[in-house]
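Dumped protein.pdb below, it's PDB, C-alpha atoms:
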```pdb
ATOM      1  CA  HIS A   1       0.000   0.000   0.000  1.00  0.00           C
ATOM      2  CA  ALA A   2       1.571   3.300  -1.117  1.00  0.00           C
ATOM      3  CA  LEU A   3       0.320   5.275   1.876  1.00  0.00           C
ATOM      4  CA  LEU A   4       1.831   2.880   4.416  1.00  0.00           C
ATOM      5  CA  ALA A   5       5.124   2.713   2.509  1.00  0.00           C
ATOM      6  CA  GLN A   6       5.387   6.514   2.616  1.00  0.00           C
ATOM      7  CA  LEU A   7       4.560   6.608   6.329  1.00  0.00           C
ATOM      8  CA  ILE A   8       7.327   4.105   7.070  1.00  0.00           C
ATOM      9  CA  ALA A   9       9.738   6.057   4.848  1.00  0.00           C
ATOM     10  CA  VAL A  10       8.980   9.264   6.774  1.00  0.00           C
ATOM     11  CA  LEU A  11       9.002   7.736  10.267  1.00  0.00           C
ATOM     12  CA  GLY A  12      11.974   5.435   9.716  1.00  0.00           C
ATOM     13  CA  PRO A  13      12.726   1.728   9.834  1.00  0.00           C
ATOM     14  CA  ASN A  14      11.985   1.438  13.571  1.00  0.00           C
ATOM     15  CA  ALA A  15       8.258   1.900  12.905  1.00  0.00           C
ATOM     16  CA  GLN A  16       6.567  -1.504  12.874  1.00  0.00           C
ATOM     17  CA  LEU A  17       2.953  -1.815  11.737  1.00  0.00           C
ATOM     18  CA  LEU A  18       0.686  -3.490  14.298  1.00  0.00           C
ATOM     19  CA  HIS A  19      -2.715  -2.731  12.799  1.00  0.00           C
ATOM     20  CA  ALA A  20      -4.176  -1.069   9.721  1.00  0.00           C
ATOM     21  CA  HIS A  21      -7.771  -0.390   8.807  1.00  0.00           C
ATOM     22  CA  GLU A  22      -9.355   1.433   5.898  1.00  0.00           C
ATOM     23  CA  ARG A  23     -12.982   2.287   5.249  1.00  0.00           C
ATOM     24  CA  GLU A  24     -14.723   4.153   2.474  1.00  0.00           C
ATOM     25  CA  TRP A  25     -15.792   7.724   3.135  1.00  0.00           C
ATOM     26  CA  ALA A  26     -17.941  10.190   1.210  1.00  0.00           C
ATOM     27  CA  SER A  27     -19.453  13.629   1.589  1.00  0.00           C
ATOM     28  CA  ILE A  28     -21.791  15.470  -0.741  1.00  0.00           C
ATOM     29  CA  THR A  29     -18.879  16.662  -2.889  1.00  0.00           C
ATOM     30  CA  PHE A  30     -15.994  14.259  -2.196  1.00  0.00           C
ATOM     31  CA  SER A  31     -15.297  10.554  -1.897  1.00  0.00           C
ATOM     32  CA  GLY A  32     -12.317   8.757  -0.492  1.00  0.00           C
ATOM     33  CA  ALA A  33     -11.264   6.673   2.495  1.00  0.00           C
ATOM     34  CA  ARG A  34     -10.375   6.953   6.156  1.00  0.00           C
ATOM     35  CA  HIS A  35      -7.148   5.169   7.088  1.00  0.00           C
ATOM     36  CA  HIS A  36      -6.155   4.116  10.603  1.00  0.00           C
ATOM     37  CA  PHE A  37      -2.638   2.848  11.372  1.00  0.00           C
ATOM     38  CA  VAL A  38      -1.173   1.714  14.693  1.00  0.00           C
ATOM     39  CA  LEU A  39       2.605   1.438  14.742  1.00  0.00           C
ATOM     40  CA  GLU A  40       5.015   0.307  17.432  1.00  0.00           C
ATOM     41  CA  ILE A  41       8.153   2.384  17.978  1.00  0.00           C
ATOM     42  CA  PRO A  42      10.983   1.462  20.389  1.00  0.00           C
ATOM     43  CA  GLU A  43      11.164   4.005  23.213  1.00  0.00           C
ATOM     44  CA  GLN A  44      14.681   5.108  22.290  1.00  0.00           C
ATOM     45  CA  ALA A  45      13.674   5.797  18.663  1.00  0.00           C
ATOM     46  CA  ALA A  46      10.395   7.452  19.731  1.00  0.00           C
ATOM     47  CA  THR A  47      12.246  10.070  21.765  1.00  0.00           C
ATOM     48  CA  ASP A  48      14.745  10.885  19.016  1.00  0.00           C
ATOM     49  CA  PRO A  49      14.352  14.550  17.949  1.00  0.00           C
ATOM     50  CA  GLY A  50      14.395  13.578  14.261  1.00  0.00           C
ATOM     51  CA  PHE A  51      11.554  11.112  14.736  1.00  0.00           C
ATOM     52  CA  LEU A  52       9.541  13.626  16.756  1.00  0.00           C
ATOM     53  CA  ARG A  53       9.990  16.260  14.020  1.00  0.00           C
ATOM     54  CA  ALA A  54       8.916  13.759  11.343  1.00  0.00           C
ATOM     55  CA  LEU A  55       5.843  12.790  13.369  1.00  0.00           C
ATOM     56  CA  ALA A  56       4.907  16.423  14.020  1.00  0.00           C
ATOM     57  CA  GLY A  57       5.344  17.195  10.314  1.00  0.00           C
ATOM     58  CA  LEU A  58       3.024  14.425   9.071  1.00  0.00           C
ATOM     59  CA  PRO A  59      -0.091  16.657   8.887  1.00  0.00           C
ATOM     60  CA  GLU A  60       1.765  18.914   6.427  1.00  0.00           C
ATOM     61  CA  TYR A  61       3.601  16.145   4.561  1.00  0.00           C
ATOM     62  CA  ASP A  62       2.973  16.047   0.807  1.00  0.00           C
ATOM     63  CA  PHE A  63       2.090  12.385   0.223  1.00  0.00           C
ATOM     64  CA  ALA A  64       2.552  11.262  -3.392  1.00  0.00           C
ATOM     65  CA  LEU A  65      -0.551   9.193  -4.131  1.00  0.00           C
ATOM     66  CA  SER A  66      -1.861   8.363  -7.572  1.00  0.00           C
ATOM     67  CA  GLY A  67      -5.369   9.788  -7.965  1.00  0.00           C
ATOM     68  CA  GLU A  68      -5.778  10.730  -4.296  1.00  0.00           C
ATOM     69  CA  ILE A  69      -4.757  13.497  -1.945  1.00  0.00           C
ATOM     70  CA  VAL A  70      -4.456  13.467   1.830  1.00  0.00           C
ATOM     71  CA  ALA A  71      -7.049  15.936   3.081  1.00  0.00           C
ATOM     72  CA  ASP A  72      -6.475  15.400   6.814  1.00  0.00           C
ATOM     73  CA  CYS A  73      -3.863  13.716   8.977  1.00  0.00           C
ATOM     74  CA  THR A  74      -3.440  13.323  12.725  1.00  0.00           C
ATOM     75  CA  ALA A  75      -0.645  11.554  14.563  1.00  0.00           C
ATOM     76  CA  THR A  76      -0.639  10.681  18.255  1.00  0.00           C
ATOM     77  CA  ILE A  77       2.144   9.061  20.254  1.00  0.00           C
ATOM     78  CA  GLY A  78       1.355   7.165  23.432  1.00  0.00           C
ATOM     79  CA  MET A  79       3.166   6.889  26.712  1.00  0.00           C
ATOM     80  CA  PRO A  80       5.944   4.297  27.089  1.00  0.00           C
ATOM     81  CA  MET A  81       4.742   0.762  27.716  1.00  0.00           C
ATOM     82  CA  HIS A  82       6.414  -2.603  28.183  1.00  0.00           C
ATOM     83  CA  GLY A  83       6.606  -4.386  24.834  1.00  0.00           C
ATOM     84  CA  GLY A  84       6.479  -8.067  24.081  1.00  0.00           C
ATOM     85  CA  ARG A  85      10.211  -8.189  23.398  1.00  0.00           C
ATOM     86  CA  ASP A  86      11.318  -7.045  26.869  1.00  0.00           C
ATOM     87  CA  ALA A  87      11.711  -3.460  25.752  1.00  0.00           C
ATOM     88  CA  SER A  88       9.819  -0.244  26.290  1.00  0.00           C
ATOM     89  CA  VAL A  89       7.841   0.794  23.243  1.00  0.00           C
ATOM     90  CA  ARG A  90       5.398   3.505  22.269  1.00  0.00           C
ATOM     91  CA  LEU A  91       2.345   3.128  20.123  1.00  0.00           C
ATOM     92  CA  VAL A  92       1.799   5.698  17.411  1.00  0.00           C
ATOM     93  CA  VAL A  93      -1.702   6.127  15.992  1.00  0.00           C
ATOM     94  CA  ILE A  94      -1.990   7.809  12.605  1.00  0.00           C
ATOM     95  CA  GLU A  95      -5.324   8.647  11.020  1.00  0.00           C
ATOM     96  CA  LEU A  96      -5.630   9.996   7.512  1.00  0.00           C
ATOM     97  CA  LEU A  97      -8.445  11.001   5.212  1.00  0.00           C
ATOM     98  CA  THR A  98      -7.758  10.599   1.511  1.00  0.00           C
ATOM     99  CA  VAL A  99     -10.035  12.018  -1.159  1.00  0.00           C
ATOM    100  CA  VAL A 100     -10.200  11.237  -4.854  1.00  0.00           C
ATOM    101  CA  ALA A 101      -8.420  13.961  -6.824  1.00  0.00           C
ATOM    102  CA  ASP A 102     -10.375  15.417  -9.720  1.00  0.00           C
TER     103      ASP A 102
END
```
Give the structure from this file in structure tokens form.
Amino acid sequence: HALLAQLIAVLGPNAQLLHAHEREWASITFSGARHHFVLEIPEQAATDPGFLRALAGLPEYDFALSGEIVADCTATIGMPMHGGRDASVRLVVIELLTVVAD
């Protein structure tokens, strides 16, 4: 999926996808989809200033999608938690709205 590949490219190789969901969306004038991604980030990587800048910049990022544009994007990072691999991790939730480009 092009959107996920670009998210991983922006956030870096430490971002591991845990869950993804997409559902169709439409308004009176637009159609598209809502995308929901949950990623796991090691605590050390999640506190890196470069990662934090990339995450903060996602709402303004110019995603290159064929036939679609990102109309809205939110990114939330959770508090540290104990991961399944004996390491502290953070969950990052990213929600995007894509609309069909005319």
Taking the file as shown, find all residues satisfying the PyMOL selection byres ((chain A and resi 97) around 12) and write them as a short mmCIF file (atom, residue, chain, number, x, y, z; two decimals) with C-alpha atoms, in the coordinates of the input.
```cif
data_model
loop_
_atom_site.label_atom_id
_atom_site.label_comp_id
_atom_site.auth_asym_id
_atom_site.auth_seq_id
_atom_site.Cartn_x
_atom_site.Cartn_y
_atom_site.Cartn_z
CA LEU A 3 0.32 5.28 1.88
CA HIS A 21 -7.77 -0.39 8.81
CA GLU A 22 -9.36 1.43 5.90
CA ARG A 23 -12.98 2.29 5.25
CA GLU A 24 -14.72 4.15 2.47
CA TRP A 25 -15.79 7.72 3.14
CA ALA A 26 -17.94 10.19 1.21
CA SER A 27 -19.45 13.63 1.59
CA PHE A 30 -15.99 14.26 -2.20
CA SER A 31 -15.30 10.55 -1.90
CA GLY A 32 -12.32 8.76 -0.49
CA ALA A 33 -11.26 6.67 2.50
CA ARG A 34 -10.38 6.95 6.16
CA HIS A 35 -7.15 5.17 7.09
CA HIS A 36 -6.16 4.12 10.60
CA PHE A 37 -2.64 2.85 11.37
CA PRO A 59 -0.09 16.66 8.89
CA PHE A 63 2.09 12.38 0.22
CA GLU A 68 -5.78 10.73 -4.30
CA ILE A 69 -4.76 13.50 -1.94
CA VAL A 70 -4.46 13.47 1.83
CA ALA A 71 -7.05 15.94 3.08
CA ASP A 72 -6.48 15.40 6.81
CA CYS A 73 -3.86 13.72 8.98
CA THR A 74 -3.44 13.32 12.72
CA ILE A 94 -1.99 7.81 12.60
CA GLU A 95 -5.32 8.65 11.02
CA LEU A 96 -5.63 10.00 7.51
CA THR A 98 -7.76 10.60 1.51
CA VAL A 99 -10.04 12.02 -1.16
CA VAL A 100 -10.20 11.24 -4.85
#
```
Counting all atoms listed in the file, figure out which residue out of A:Thr76, A:Thr29, A:Met81, A:Leu39 gets nearest to Gln16 of chain A.
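So, comparing all the options, the nearest one is A:Leu39.
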Using Å and a single decimal, report how far atom CA of Ile77 of chain A sits from atom CA of Val93 of chain A.
6.4 Å
If you measure from atom CA of Ala15 of chain A to atom CA of Gly50 of chain A, what distance in Å do you get, rounded to one decimal?
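It comes out at 13.3 Å.
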Evaluate the PyMOL selection byres ((chain A and resi 79) around 12) and record the selected residues as a list in words, following the chain and residue labels used in the document.
Glu40, Ile41, Pro42, Glu43, Ala46, Thr47, Thr76, Ile77, Gly78, Pro80, Met81, His82, Gly83, Ser88, Val89, Arg90, Leu91, Val92 and Val93 of chain A
May I ask for the distance between atom CA of Ala101 of chain A and atom CA of Gln6 of chain A, given in Å to one decimal place?
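Distance between the two atoms: 18.3 Å.
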Pick from A:Leu58, A:Leu65, A:Ala75, A:Ala45 nearest to Val10 of chain A, counting all atoms listed in the file
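Answer, going by the shortest atom-to-atom distance: A:Leu58.
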Which of these residues is nearest to Gly12 of chain A, using all atoms listed in the file: A:Gly67, A:Tyr61, A:Asp48, A:Val38?
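Residue with the minimum atom-to-atom distance to Gly12 of chain A: A:Asp48.
Of the residues listed (A:Leu18, A:Leu55, A:Ala64, A:Gln44), A:Ala64 shows the shortest atom-to-atom separation from Ala5 of chain A; distances use all atoms listed in the file.
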